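One structure below.
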Amino acid sequence: MAFSPNLFLANVRGKDGLAKPCRFEVILPVPAAVTSGTGNGIIEKILNFPNSIFSDVSDAISSAIGKTGAGGGNATLSRYLSLQCESAELPGRTFATADVKIYGPTFKVPYQSQYNDMTLTFLCTNDFYERKLFDQWMEAIQPTDTFNVRFPKGTTSTYLTDITIIQYDEFIKQIFAVKLNDAFPIGIAPQPLSWGEEGFHRLAIQMAYQKYTRSEEHTSELQSPMYLVCRLLLEK
């Protein structure tokens, strides 16, 4: 069949255009065991007074109805991390296979699903809370004073969380979403320093997870025109 530009354009337009990788959101609930000693400072509350009130009310409502995410955590930190997540990826899935031969040529038989680690990259502020947070998270997994690795499935000391990655269209309408189950950081990439560098610090975090599942319609407070404005400003 010969390639038809008109047919291609008609197909794309009939499906509301092509999806763009810059229309995404990462919702990362930080476990309560990690943020137990992390709070919002009084200076931050004063400088961001309207947002601070909204955050406190949002946190109170979330706690009251039991929607604080996997392991509880600080909703304000999750909100900031979502806004500062510069790059992510929709996860893939592969099968581990074994070669089987009964009669004739060998053929492959799948026996296990495999999920590759993924990397999240965050813009860093002068408060550097992003690096401090993930350092604290990894410390919760293996304290440097004992180097005893903690069991991940604890009741009060769990360091696992469920990360939701949402793909939007041009009008901030959710078109796809996945949830990474039992995710936790396994690596913090080095952050280069240079006298000749005038750019921003970026923090790359390698995350492991058990599996991913298709997520149903996810309601997010960042699903608003203000979120799109912030994204557009960061892209410039």
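The chains in the structure tokens are called A, B, ... from first to last as shown; in each chain the residues are counted from 1, and the ligands are counted from 1 in the order shown.
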Point to revise | alpha helix (DSSP H) per DSSP on the backbone: members of region 103-233 of chain A, as a list in words | key: Tyr129, Glu130, Arg131, Lys132, Leu133, Phe134, Asp135, Gln136, Trp137, Met138, Glu139, Ala140, Ile141, Pro225, Met226, Tyr227, Leu228, Val229, Cys230, Arg231, Leu232 and Leu233 of chain A
Using only C-alpha atoms, which residues of region 153-190 of chain A come within 12 Å of region 28-36 of chain A, and what is the closest atom pair for each, with the distance in Å to one decimal? Give it as a Markdown table, sorted by chain and residue number.
| residue | atom | partner | partner_atom | distance |
| --- | --- | --- | --- | --- |
| A:Gly154 | CA | A:Ala33 | CA | 10.4 |
| A:Thr155 | CA | A:Ala33 | CA | 9.9 |
| A:Thr156 | CA | A:Ala33 | CA | 6.9 |
| A:Ser157 | CA | A:Ala33 | CA | 5.5 |
| A:Thr158 | CA | A:Ala33 | CA | 6.5 |
| A:Tyr159 | CA | A:Pro31 | CA | 5.9 |
| A:Leu160 | CA | A:Pro31 | CA | 6.7 |
| A:Thr161 | CA | A:Pro31 | CA | 6.2 |
| A:Asp162 | CA | A:Pro29 | CA | 7.0 |
| A:Ile163 | CA | A:Leu28 | CA | 4.9 |
| A:Thr164 | CA | A:Leu28 | CA | 6.7 |
| A:Ile165 | CA | A:Leu28 | CA | 8.7 |
| A:Ile166 | CA | A:Leu28 | CA | 11.4 |
| A:Lys179 | CA | A:Leu28 | CA | 10.1 |
| A:Leu180 | CA | A:Leu28 | CA | 9.8 |
| A:Asn181 | CA | A:Leu28 | CA | 11.3 |
| A:Asp182 | CA | A:Pro31 | CA | 10.8 |
| A:Ala183 | CA | A:Leu28 | CA | 9.5 |
| A:Phe184 | CA | A:Val30 | CA | 9.6 |
| A:Pro185 | CA | A:Val30 | CA | 11.0 |
Export of the given selection (N, CA and C atoms) as a compact mmCIF listing (two decimals), in the first residue's frame:
# COMPACT_ATOMS: atom_id res chain seq x y z
N GLY A 154 7.83 -3.00 56.16
CA GLY A 154 7.46 -2.73 57.54
C GLY A 154 6.14 -2.00 57.66
N THR A 155 5.68 -1.81 58.87
CA THR A 155 4.40 -1.15 59.09
C THR A 155 4.57 0.36 59.31
N THR A 156 5.54 0.73 60.13
CA THR A 156 5.74 2.15 60.41
C THR A 156 7.03 2.69 59.80
N SER A 157 7.95 1.81 59.41
CA SER A 157 9.24 2.27 58.88
C SER A 157 9.37 2.02 57.38
N THR A 158 8.26 1.78 56.71
CA THR A 158 8.34 1.49 55.28
C THR A 158 8.85 2.69 54.50
N TYR A 159 9.67 2.40 53.50
CA TYR A 159 10.21 3.47 52.64
C TYR A 159 9.71 3.35 51.21
N LEU A 160 8.70 2.53 50.99
CA LEU A 160 8.13 2.33 49.66
C LEU A 160 7.01 3.33 49.40
N THR A 161 6.80 3.65 48.13
CA THR A 161 5.70 4.53 47.75
C THR A 161 5.20 4.13 46.37
N ASP A 162 4.05 4.66 45.99
CA ASP A 162 3.48 4.43 44.66
C ASP A 162 3.56 5.73 43.87
N ILE A 163 4.29 5.72 42.77
CA ILE A 163 4.48 6.90 41.94
C ILE A 163 3.52 6.85 40.77
N THR A 164 2.79 7.92 40.54
CA THR A 164 1.87 8.01 39.41
C THR A 164 2.44 8.94 38.35
N ILE A 165 2.49 8.46 37.12
CA ILE A 165 2.97 9.26 35.99
C ILE A 165 1.81 9.45 35.02
N ILE A 166 1.48 10.71 34.74
CA ILE A 166 0.31 11.04 33.94
C ILE A 166 0.74 11.71 32.65
N LYS A 179 0.87 3.64 37.32
CA LYS A 179 1.29 3.72 38.72
C LYS A 179 2.42 2.73 38.94
N LEU A 180 3.55 3.23 39.46
CA LEU A 180 4.69 2.38 39.80
C LEU A 180 4.51 1.92 41.24
N ASN A 181 4.32 0.64 41.41
CA ASN A 181 4.03 0.10 42.74
C ASN A 181 5.32 -0.21 43.51
N ASP A 182 5.30 0.16 44.80
CA ASP A 182 6.42 -0.11 45.71
C ASP A 182 7.74 0.44 45.16
N ALA A 183 7.75 1.71 44.86
CA ALA A 183 8.94 2.36 44.33
C ALA A 183 9.80 2.93 45.46
N PHE A 184 11.11 2.99 45.21
CA PHE A 184 12.04 3.59 46.17
C PHE A 184 13.33 3.96 45.42
N PRO A 185 14.07 4.95 45.91
CA PRO A 185 15.30 5.36 45.23
C PRO A 185 16.43 4.36 45.46
Check your understanding: Which is closest to Asp117 (chain A) among A:Arg23, A:Arg79, A:Arg93, A:Lys15, if we use only C-alpha atoms?
Key -> A:Arg93
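As for CA of Leu77 (chain A) and CA of Met207 (chain A), they are spaced 17.5 Å apart.
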Check your understanding: Which residues, written as JSON, numbers by chain, have at least one atom at most 10 Å from Thr125 (chain A), with only C-alpha atoms counted and residues fewer than 3 positions away on the same chain left out?
Key -> {"A": [84, 122, 128, 129, 130, 131, 200, 201, 202]}
